[in-house]
file my_file.tsv (TSV, C-alpha atoms)
chain	number	residue	atom	x	y	z
A	1	MET	CA	-21.93	-11.24	-22.69
A	2	SER	CA	-19.58	-13.40	-20.64
A	3	GLU	CA	-22.52	-15.40	-19.30
A	4	ALA	CA	-26.30	-15.35	-19.39
A	5	GLN	CA	-27.86	-12.50	-17.43
A	6	PRO	CA	-30.87	-12.91	-15.14
A	7	GLU	CA	-34.25	-11.72	-16.31
A	8	GLU	CA	-34.68	-8.11	-15.23
A	9	SER	CA	-36.97	-5.13	-15.03
A	10	PRO	CA	-36.25	-2.30	-17.50
A	11	TYR	CA	-36.52	0.24	-14.67
A	12	GLU	CA	-33.20	1.89	-13.80
A	13	GLU	CA	-32.70	3.00	-10.21
A	14	PRO	CA	-29.77	5.40	-9.69
A	15	LEU	CA	-27.47	4.24	-6.90
A	16	THR	CA	-25.98	6.84	-4.58
A	17	GLY	CA	-23.41	6.79	-1.80
A	18	GLY	CA	-20.25	6.19	-3.81
A	19	ASN	CA	-17.59	8.88	-3.96
A	20	VAL	CA	-16.03	7.97	-7.28
A	21	ALA	CA	-18.26	5.88	-9.58
A	22	ASP	CA	-20.40	7.84	-12.02
A	23	ALA	CA	-23.87	6.99	-13.31
A	24	VAL	CA	-24.21	3.66	-11.50
A	25	VAL	CA	-27.72	2.19	-11.67
A	26	ARG	CA	-29.58	-0.87	-10.49
A	27	VAL	CA	-31.64	-2.80	-13.02
A	28	GLY	CA	-33.54	-5.68	-11.49
A	29	THR	CA	-30.99	-8.01	-9.88
A	30	THR	CA	-28.01	-6.34	-11.53
A	31	VAL	CA	-25.87	-3.22	-11.21
A	32	ARG	CA	-24.74	-1.35	-14.36
A	33	LYS	CA	-21.56	0.74	-14.43
A	34	PRO	CA	-19.99	2.84	-17.18
A	35	ILE	CA	-16.98	1.26	-18.87
A	36	THR	CA	-13.54	2.57	-17.92
A	37	PRO	CA	-10.07	1.66	-19.25
A	38	ALA	CA	-9.79	-0.77	-16.31
A	39	THR	CA	-13.12	-2.57	-16.83
A	40	ALA	CA	-11.75	-5.50	-18.83
A	41	ALA	CA	-9.08	-6.17	-16.21
A	42	VAL	CA	-11.64	-5.90	-13.39
A	43	GLU	CA	-13.88	-8.38	-15.22
A	44	ALA	CA	-10.93	-10.78	-15.37
A	45	VAL	CA	-10.38	-10.40	-11.60
A	46	LEU	CA	-14.02	-11.07	-10.77
A	47	THR	CA	-14.17	-14.02	-13.16
A	48	HIS	CA	-11.12	-15.52	-11.46
A	49	LEU	CA	-12.61	-15.04	-7.99
A	50	HIS	CA	-15.84	-16.74	-9.05
A	51	GLN	CA	-13.95	-19.64	-10.64
A	52	VAL	CA	-11.89	-20.32	-7.51
A	53	GLY	CA	-14.95	-20.20	-5.27
A	54	PHE	CA	-14.30	-16.90	-3.49
A	55	SER	CA	-17.81	-15.88	-2.48
A	56	ALA	CA	-17.12	-12.39	-1.11
A	57	ALA	CA	-17.17	-10.64	-4.50
A	58	PRO	CA	-20.02	-9.98	-6.95
A	59	ARG	CA	-20.20	-11.96	-10.17
A	60	THR	CA	-19.43	-10.13	-13.39
A	61	LEU	CA	-22.18	-10.69	-15.96
A	62	GLY	CA	-20.75	-9.11	-19.09
A	63	ARG	CA	-21.95	-5.96	-20.88
A	64	ASP	CA	-25.43	-4.68	-21.66
A	65	ASP	CA	-26.72	-3.21	-24.93
A	66	GLN	CA	-25.46	0.22	-23.83
A	67	GLY	CA	-21.96	-1.16	-23.33
A	68	ARG	CA	-22.11	-0.89	-19.55
A	69	HIS	CA	-20.47	-3.36	-17.18
A	70	VAL	CA	-23.14	-5.63	-15.67
A	71	LEU	CA	-22.60	-7.06	-12.18
A	72	GLU	CA	-24.56	-9.08	-9.68
A	73	CYS	CA	-26.49	-6.78	-7.33
A	74	ILE	CA	-25.63	-7.75	-3.76
A	75	PRO	CA	-28.50	-7.39	-1.25
A	76	GLY	CA	-27.83	-6.30	2.30
A	77	ALA	CA	-26.57	-3.35	4.32
A	78	LEU	CA	-23.26	-1.55	3.96
A	79	ALA	CA	-21.03	-2.09	6.97
A	80	ASP	CA	-20.69	1.67	7.50
A	81	THR	CA	-24.42	1.81	8.33
A	82	LEU	CA	-24.08	-0.89	11.01
A	83	PRO	CA	-22.51	-0.90	14.48
A	84	ALA	CA	-18.72	-1.03	14.63
A	85	PHE	CA	-17.31	-4.54	14.28
A	86	THR	CA	-16.66	-6.59	17.39
A	87	ALA	CA	-13.23	-8.13	17.93
A	88	GLN	CA	-14.62	-11.44	16.65
A	89	GLU	CA	-15.90	-9.74	13.49
A	90	LEU	CA	-12.53	-8.04	12.97
A	91	ARG	CA	-10.85	-11.45	13.14
A	92	ARG	CA	-13.34	-12.76	10.58
A	93	LEU	CA	-12.59	-9.76	8.38
A	94	GLY	CA	-8.85	-10.38	8.62
A	95	ALA	CA	-9.34	-14.01	7.63
A	96	LEU	CA	-11.53	-12.97	4.68
A	97	ILE	CA	-8.91	-10.53	3.40
A	98	ARG	CA	-6.24	-13.21	3.79
A	99	GLU	CA	-8.38	-15.60	1.74
A	100	LEU	CA	-8.75	-12.93	-0.94
A	101	HIS	CA	-5.00	-12.35	-1.13
A	102	ASP	CA	-4.26	-16.07	-1.20
A	103	VAL	CA	-6.62	-16.75	-4.12
A	104	MET	CA	-5.38	-13.69	-6.01
A	105	ALA	CA	-1.88	-15.12	-5.83
A	106	THR	CA	-3.03	-17.63	-8.48
A	107	PHE	CA	-4.39	-14.92	-10.81
A	108	THR	CA	-2.54	-14.05	-14.01
A	109	PRO	CA	-3.64	-10.61	-15.29
A	110	PRO	CA	-4.39	-10.20	-18.99
A	111	ALA	CA	-1.33	-9.10	-20.95
A	112	ASP	CA	-3.05	-5.83	-21.89
A	113	ALA	CA	-4.52	-5.15	-18.43
A	114	GLN	CA	-5.00	-1.52	-17.47
A	115	TRP	CA	-5.60	-0.56	-13.84
A	116	THR	CA	-6.91	2.54	-12.09
A	117	VAL	CA	-5.16	2.50	-8.72
A	118	ALA	CA	-5.71	5.76	-6.84
A	119	ILE	CA	-2.69	5.45	-4.53
A	120	PRO	CA	0.07	3.16	-5.84
A	121	ASP	CA	1.77	0.94	-3.31
A	122	PRO	CA	5.19	2.53	-2.58
A	123	THR	CA	6.73	-0.93	-2.11
A	124	GLY	CA	5.92	-1.84	-5.71
A	125	GLY	CA	3.85	-4.90	-4.83
A	126	GLN	CA	2.50	-6.88	-7.78
A	127	LEU	CA	-0.38	-8.84	-6.21
A	128	ILE	CA	-3.69	-7.64	-7.67
A	129	CYS	CA	-5.47	-6.11	-4.66
A	130	HIS	CA	-8.83	-4.41	-4.11
A	131	HIS	CA	-7.32	-1.11	-2.82
A	132	ASP	CA	-10.57	0.10	-1.20
A	133	LEU	CA	-11.39	-2.48	1.47
A	134	ALA	CA	-13.55	-0.22	3.60
A	135	PRO	CA	-16.90	-0.31	5.44
A	136	TRP	CA	-18.55	1.59	2.60
A	137	ASN	CA	-17.60	-1.26	0.23
A	138	LEU	CA	-18.59	-4.25	2.38
A	139	VAL	CA	-22.18	-5.47	2.05
A	140	ILE	CA	-23.49	-7.66	4.86
A	141	ASP	CA	-26.54	-9.85	4.34
A	142	GLY	CA	-26.92	-12.30	7.22
A	143	ASP	CA	-23.81	-14.48	7.18
A	144	ARG	CA	-22.75	-13.37	3.71
A	145	TRP	CA	-20.09	-10.65	3.50
A	146	THR	CA	-19.34	-9.24	0.04
A	147	PHE	CA	-16.79	-6.64	-1.05
A	148	ILE	CA	-18.13	-4.46	-3.86
A	149	ASP	CA	-16.64	-1.69	-6.06
A	150	TRP	CA	-13.59	-3.38	-7.59
A	151	ASP	CA	-12.98	-0.58	-10.11
A	152	GLY	CA	-9.80	0.53	-8.32
A	153	ALA	CA	-8.24	-2.93	-8.21
A	154	GLY	CA	-4.65	-3.28	-9.34
A	155	PRO	CA	-1.10	-4.15	-8.34
A	156	GLY	CA	-0.10	-3.71	-4.71
A	157	SER	CA	1.06	-5.61	-1.66
A	158	PRO	CA	-1.10	-7.50	0.85
A	159	LEU	CA	0.05	-5.21	3.65
A	160	TRP	CA	-0.89	-2.07	1.67
A	161	ASP	CA	-4.40	-3.48	1.12
A	162	LEU	CA	-4.75	-4.62	4.73
A	163	GLY	CA	-3.50	-1.27	6.01
A	164	TYR	CA	-6.32	0.56	4.28
A	165	ALA	CA	-8.82	-1.89	5.81
A	166	ALA	CA	-7.35	-1.22	9.27
A	167	HIS	CA	-8.03	2.50	8.95
A	168	GLY	CA	-11.69	1.98	8.11
A	169	PHE	CA	-12.68	-1.04	10.15
A	170	VAL	CA	-10.81	-0.70	13.45
A	171	PRO	CA	-11.30	2.27	12.86
A	172	LEU	CA	-8.19	4.44	13.29
A	173	VAL	CA	-9.62	7.94	13.16
A	174	PRO	CA	-9.08	11.38	14.70
A	175	GLY	CA	-10.04	11.42	18.36
A	176	GLY	CA	-9.54	7.68	18.75
A	177	VAL	CA	-8.54	6.05	22.03
A	178	PRO	CA	-5.29	4.09	21.56
A	179	ALA	CA	-5.97	1.75	24.49
A	180	ALA	CA	-9.27	0.72	22.84
A	181	ASP	CA	-8.07	0.75	19.23
A	182	ALA	CA	-4.89	-1.28	19.78
A	183	PRO	CA	-6.56	-4.60	20.68
A	184	ARG	CA	-8.98	-4.14	17.80
A	185	LEU	CA	-6.05	-3.71	15.42
A	186	ARG	CA	-4.53	-6.85	16.95
A	187	ALA	CA	-7.75	-8.77	16.26
A	188	LEU	CA	-7.63	-7.82	12.56
A	189	ALA	CA	-3.97	-8.86	12.29
A	190	ASP	CA	-4.62	-12.13	14.14
A	191	GLY	CA	-7.50	-12.98	11.81
A	192	TYR	CA	-5.20	-12.38	8.84
A	193	ASP	CA	-2.49	-14.46	10.54
A	194	LEU	CA	0.06	-11.74	9.90
A	195	ASP	CA	3.60	-12.98	10.48
A	196	ASP	CA	6.07	-11.34	12.88
A	197	ASP	CA	8.01	-9.38	10.25
A	198	LEU	CA	4.87	-7.93	8.70
A	199	ARG	CA	3.47	-7.04	12.14
A	200	ARG	CA	6.49	-4.82	12.64
A	201	GLU	CA	5.89	-3.13	9.28
A	202	PHE	CA	2.12	-2.89	9.61
A	203	PRO	CA	1.66	0.38	11.58
A	204	ALA	CA	3.91	2.33	9.21
A	205	MET	CA	2.02	0.94	6.21
A	206	ILE	CA	-1.34	1.93	7.72
A	207	ALA	CA	0.00	5.44	8.30
A	208	ALA	CA	1.46	5.67	4.79
A	209	HIS	CA	-1.78	4.62	3.11
A	210	THR	CA	-3.81	7.02	5.25
A	211	ARG	CA	-1.38	9.87	4.55
A	212	GLY	CA	-1.52	8.93	0.88
A	213	MET	CA	-5.27	9.57	0.85
A	214	PHE	CA	-4.73	13.02	2.34
A	215	ASP	CA	-2.03	13.80	-0.24
A	216	LEU	CA	-4.26	12.58	-3.09
A	217	LEU	CA	-7.05	14.91	-2.00
A	218	THR	CA	-4.82	17.95	-1.52
A	219	CYS	CA	-3.17	17.34	-4.89
A	220	GLY	CA	-6.61	17.09	-6.47
A	221	ALA	CA	-7.54	20.43	-4.94
A	222	ARG	CA	-4.47	22.03	-6.53
A	223	THR	CA	-4.83	20.43	-9.95
A	224	GLY	CA	-8.60	20.18	-10.29
A	225	VAL	CA	-8.40	16.43	-11.01
A	226	GLN	CA	-11.74	14.74	-10.29
A	227	PRO	CA	-13.16	13.25	-8.21
A	228	TRP	CA	-10.42	14.24	-5.74
A	229	SER	CA	-10.91	17.98	-6.16
A	230	ARG	CA	-14.62	17.64	-5.41
A	231	LEU	CA	-14.00	15.37	-2.44
A	232	HIS	CA	-11.49	17.83	-1.04
A	233	ALA	CA	-14.04	20.62	-1.40
A	234	GLU	CA	-16.52	18.47	0.50
A	235	GLY	CA	-14.09	18.27	3.42
A	236	HIS	CA	-12.72	14.74	3.13
A	237	ALA	CA	-9.13	15.87	3.64
A	238	ASP	CA	-10.17	17.17	7.05
A	239	HIS	CA	-10.59	13.54	8.07
A	240	TRP	CA	-7.62	11.91	6.35
A	241	GLY	CA	-4.92	14.32	7.53
A	242	PRO	CA	-5.78	14.11	11.25
A	243	ALA	CA	-6.32	10.35	10.92
A	244	ALA	CA	-2.77	9.98	9.59
A	245	ASP	CA	-1.51	12.15	12.46
A	246	TYR	CA	-3.27	9.92	14.98
A	247	ILE	CA	-1.85	6.72	13.50
A	248	GLU	CA	1.68	8.13	13.30
A	249	THR	CA	1.61	9.56	16.83
A	250	HIS	CA	0.76	6.20	18.41
A	251	HIS	CA	3.12	4.04	16.34
A	252	ALA	CA	4.70	2.46	19.43
A	253	THR	CA	1.30	1.54	20.87
A	254	TRP	CA	0.32	-0.31	17.71
A	255	LEU	CA	3.66	-2.16	17.62
A	256	ALA	CA	3.29	-3.29	21.22
A	257	ALA	CA	-0.26	-4.52	20.66
A	258	LEU	CA	0.66	-6.42	17.51
A	259	ALA	CA	3.60	-8.32	19.01
A	260	ARG	CA	2.71	-12.01	19.20
A	261	ASP	CA	3.80	-12.32	22.83
A	262	LYS	CA	1.34	-9.54	23.77
A	263	ARG	CA	-1.84	-11.42	24.65

call {"tool": "encode", "arguments": {"input": "my_file.tsv", "output": "structure tokens"}}
result
Amino acid sequence: MSEAQPEESPYEEPLTGGNVADAVVRVGTTVRKPITPATAAVEAVLTHLHQVGFSAAPRTLGRDDQGRHVLECIPGALADTLPAFTAQELRRLGALIRELHDVMATFTPPADAQWTVAIPDPTGGQLICHHDLAPWNLVIDGDRWTFIDWDGAGPGSPLWDLGYAAHGFVPLVPGGVPAADAPRLRALADGYDLDDDLRREFPAMIAAHTRGMFDLLTCGARTGVQPWSRLHAEGHADHWGPAADYIETHHATWLAALARDKR
């Protein structure tokens, strides 16, 4: 074990709601996950975040006697079960993601690190990012916000990571209203303190990451690779394709809203 684990009940409660993780259970005040090739690298990420005082990630607590990854169980409600974020909350979210990226800039991955990144960043970014910053992975408990499910962490760019968050939290979805969504996107970017050059790149990156999810699902349907084949069969591609269309169609609106002189 990497550190002492809290005293727990032997009862295992299966946890549902995730699309990818398999056989995840709660035991007392901990969560247990099966080991993957990326687990050791993810443990290193979470250890680093704890050491630098980043509070919006669960602590990693080592392995149990079945070899499973043990993590702190975070109490609270998932953001996707709560009302949509206000502009003020979107600014807080942007600032939180910026803090995450800043502290990860001081992280040196293990030499033998393996990562399981579902959609690699096309720009070849090397910052270790979460890659699934979404309402279904943000637990809110009073004033504490915690991002869970770090299994897909790996190399990427800050803008690639932030672009995925924009899709889920603004949100930028089929049937959206550009006039309403644009200032919400601006609030997220302002909270992150995105610079002028990155603001100009941001809408295209959001679209590319959203389109990448659609492509991943359709490829999974062709090849049978799981869990993407199953998720495609469940209809997830029917969201991601039209969402990418919506984001691409209103590219100019997002650019205008993000410009710093547009208040």

call {"tool": "residues_around", "arguments": {"input": "my_file.tsv", "residues": "Tyr192 of chain A", "least_positions_apart": "6", "cutoff": "7 Å", "atoms": "all atoms listed in the file", "output": "PyMOL selection string"}}
result
chain A and resi 94-95+97-98

call {"tool": "closest_residue", "arguments": {"input": "my_file.tsv", "among": "A:Ala207, A:Ala237, A:Val27, A:Ala259", "to": "Ala221 of chain A", "atoms": "all atoms listed in the file"}}
result
A:Ala237

call {"tool": "residues_around", "arguments": {"input": "my_file.tsv", "residues": "Ala134 of chain A", "least_positions_apart": "6", "cutoff": "7 Å", "atoms": "only C-alpha atoms", "output": "PyMOL selection string"}}
result
chain A and resi 165+168-169

call {"tool": "residues_around", "arguments": {"input": "my_file.tsv", "residues": "Leu185 of chain A", "least_positions_apart": "5", "cutoff": "12 Å", "atoms": "only C-alpha atoms", "output": "number ranges by chain"}}
result
A: 85-91, 93-94, 162-172, 178-180, 190-192, 194, 199, 202-203, 206, 247, 253-259

call {"tool": "closest_residue", "arguments": {"input": "my_file.tsv", "among": "A:Val139, A:Val31, A:Leu198, A:Val25", "to": "Ala77 of chain A", "atoms": "only C-alpha atoms"}}
result
A:Val139

call {"tool": "atom_distance", "arguments": {"input": "my_file.tsv", "atom1": "atom CA of Gly62 of chain A", "atom2": "atom CA of Cys129 of chain A"}}
result
21.2 Å

call {"tool": "residues_near_point", "arguments": {"input": "my_file.tsv", "point": "(5.7, 1.6, -3.3)", "cutoff": "12 Å", "atoms": "only C-alpha atoms", "output": "list in words"}}
result
Ile119, Pro120, Asp121, Pro122, Thr123, Gly124, Gly125, Gln126, Pro155, Gly156, Ser157, Leu159, Trp160, Met205, Ala208, His209 and Gly212 of chain A

call {"tool": "closest_residue", "arguments": {"input": "my_file.tsv", "among": "A:Val42, A:Ala111, A:Leu96, A:Val24", "to": "Leu138 of chain A", "atoms": "only C-alpha atoms"}}
result
A:Leu96

call {"tool": "residues_around", "arguments": {"input": "my_file.tsv", "residues": "Val52 of chain A", "least_positions_apart": "2", "cutoff": "12 Å", "atoms": "only C-alpha atoms", "output": "list in words"}}
result
Val45, Leu46, Thr47, His48, Leu49, His50, Phe54, Ser55, Ala56, Ala57, Glu99, Leu100, Asp102, Val103, Met104, Ala105, Thr106 and Phe107 of chain A

call {"tool": "residues_around", "arguments": {"input": "my_file.tsv", "residues": "Leu71 of chain A", "least_positions_apart": "2", "cutoff": "9 Å", "atoms": "only C-alpha atoms", "output": "PDB file with C-alpha atoms, in the coordinates of the input"}}
result
ATOM      1  CA  THR A  29     -30.990  -8.010  -9.880  1.00  0.00           C
ATOM      2  CA  THR A  30     -28.010  -6.340 -11.530  1.00  0.00           C
ATOM      3  CA  VAL A  31     -25.870  -3.220 -11.210  1.00  0.00           C
ATOM      4  CA  ARG A  32     -24.740  -1.350 -14.360  1.00  0.00           C
ATOM      5  CA  LYS A  33     -21.560   0.740 -14.430  1.00  0.00           C
ATOM      6  CA  PRO A  58     -20.020  -9.980  -6.950  1.00  0.00           C
ATOM      7  CA  ARG A  59     -20.200 -11.960 -10.170  1.00  0.00           C
ATOM      8  CA  THR A  60     -19.430 -10.130 -13.390  1.00  0.00           C
ATOM      9  CA  LEU A  61     -22.180 -10.690 -15.960  1.00  0.00           C
ATOM     10  CA  GLY A  62     -20.750  -9.110 -19.090  1.00  0.00           C
ATOM     11  CA  ARG A  63     -21.950  -5.960 -20.880  1.00  0.00           C
ATOM     12  CA  HIS A  69     -20.470  -3.360 -17.180  1.00  0.00           C
ATOM     13  CA  CYS A  73     -26.490  -6.780  -7.330  1.00  0.00           C
ATOM     14  CA  ILE A  74     -25.630  -7.750  -3.760  1.00  0.00           C
TER      15      ILE A  74
END

call {"tool": "atom_distance", "arguments": {"input": "my_file.tsv", "atom1": "atom CA of Gly241 of chain A", "atom2": "atom CA of Arg222 of chain A"}}
result
16.0 Å

call {"tool": "atom_distance", "arguments": {"input": "my_file.tsv", "atom1": "atom CA of Asp261 of chain A", "atom2": "atom CA of Thr249 of chain A"}}
result
22.8 Å

call {"tool": "closest_residue", "arguments": {"input": "my_file.tsv", "among": "A:His239, A:Arg230, A:His130, A:Arg200", "to": "Trp115 of chain A", "atoms": "all atoms listed in the file"}}
result
A:His130

call {"tool": "closest_residue", "arguments": {"input": "my_file.tsv", "among": "A:Gln226, A:Val173, A:Ala182, A:Asp197", "to": "Pro242 of chain A", "atoms": "all atoms listed in the file"}}
result
A:Val173

call {"tool": "closest_residue", "arguments": {"input": "my_file.tsv", "among": "A:Arg211, A:Arg184, A:His131, A:Arg68", "to": "Ala244 of chain A", "atoms": "all atoms listed in the file"}}
result
A:Arg211

call {"tool": "build_atoms", "arguments": {"input": "my_file.tsv", "residues": "segment 137-160 of chain A", "atoms": "N, CA and C atoms", "output": "tab-separated table (two decimals), keeping the file's coordinate frame"}}
result
chain	number	residue	atom	x	y	z
A	137	ASN	N	-17.65	-0.30	1.34
A	137	ASN	CA	-17.60	-1.26	0.23
A	137	ASN	C	-17.82	-2.70	0.68
A	138	LEU	N	-18.30	-2.90	1.90
A	138	LEU	CA	-18.59	-4.25	2.38
A	138	LEU	C	-20.09	-4.36	2.64
A	139	VAL	N	-20.75	-5.24	1.90
A	139	VAL	CA	-22.18	-5.47	2.05
A	139	VAL	C	-22.38	-6.71	2.93
A	140	ILE	N	-23.22	-6.57	3.94
A	140	ILE	CA	-23.49	-7.66	4.86
A	140	ILE	C	-24.97	-8.05	4.75
A	141	ASP	N	-25.19	-9.32	4.47
A	141	ASP	CA	-26.54	-9.85	4.34
A	141	ASP	C	-26.58	-11.17	5.11
A	142	GLY	N	-26.98	-11.10	6.39
A	142	GLY	CA	-26.92	-12.30	7.22
A	142	GLY	C	-25.47	-12.73	7.40
A	143	ASP	N	-25.17	-13.96	7.02
A	143	ASP	CA	-23.81	-14.48	7.18
A	143	ASP	C	-22.94	-14.21	5.96
A	144	ARG	N	-23.53	-13.63	4.91
A	144	ARG	CA	-22.75	-13.37	3.71
A	144	ARG	C	-22.12	-11.98	3.76
A	145	TRP	N	-20.82	-11.91	3.59
A	145	TRP	CA	-20.09	-10.65	3.50
A	145	TRP	C	-19.54	-10.55	2.08
A	146	THR	N	-19.75	-9.40	1.43
A	146	THR	CA	-19.34	-9.24	0.04
A	146	THR	C	-18.67	-7.88	-0.16
A	147	PHE	N	-17.46	-7.89	-0.68
A	147	PHE	CA	-16.79	-6.64	-1.05
A	147	PHE	C	-17.23	-6.23	-2.45
A	148	ILE	N	-17.69	-4.99	-2.58
A	148	ILE	CA	-18.13	-4.46	-3.86
A	148	ILE	C	-17.13	-3.39	-4.32
A	149	ASP	N	-17.40	-2.80	-5.49
A	149	ASP	CA	-16.64	-1.69	-6.06
A	149	ASP	C	-15.17	-2.07	-6.25
A	150	TRP	N	-14.93	-2.89	-7.25
A	150	TRP	CA	-13.59	-3.38	-7.59
A	150	TRP	C	-12.92	-2.53	-8.65
A	151	ASP	N	-13.51	-1.38	-8.99
A	151	ASP	CA	-12.98	-0.58	-10.11
A	151	ASP	C	-11.56	-0.10	-9.88
A	152	GLY	N	-11.14	0.05	-8.62
A	152	GLY	CA	-9.80	0.53	-8.32
A	152	GLY	C	-8.80	-0.58	-8.08
A	153	ALA	N	-9.16	-1.81	-8.42
A	153	ALA	CA	-8.24	-2.93	-8.21
A	153	ALA	C	-6.98	-2.74	-9.05
A	154	GLY	N	-5.90	-3.36	-8.59
A	154	GLY	CA	-4.65	-3.28	-9.34
A	154	GLY	C	-3.49	-3.76	-8.51
A	155	PRO	N	-2.28	-3.63	-9.03
A	155	PRO	CA	-1.10	-4.15	-8.34
A	155	PRO	C	-0.86	-3.46	-6.99
A	156	GLY	N	-0.43	-4.23	-6.03
A	156	GLY	CA	-0.10	-3.71	-4.71
A	156	GLY	C	0.44	-4.84	-3.86
A	157	SER	N	0.60	-4.58	-2.58
A	157	SER	CA	1.06	-5.61	-1.66
A	157	SER	C	-0.07	-5.95	-0.68
A	158	PRO	N	-0.08	-7.15	-0.14
A	158	PRO	CA	-1.10	-7.50	0.85
A	158	PRO	C	-1.15	-6.53	2.02
A	159	LEU	N	0.02	-6.09	2.49
A	159	LEU	CA	0.05	-5.21	3.65
A	159	LEU	C	-0.51	-3.83	3.33
A	160	TRP	N	-0.33	-3.35	2.11
A	160	TRP	CA	-0.89	-2.07	1.67
A	160	TRP	C	-2.42	-2.15	1.67
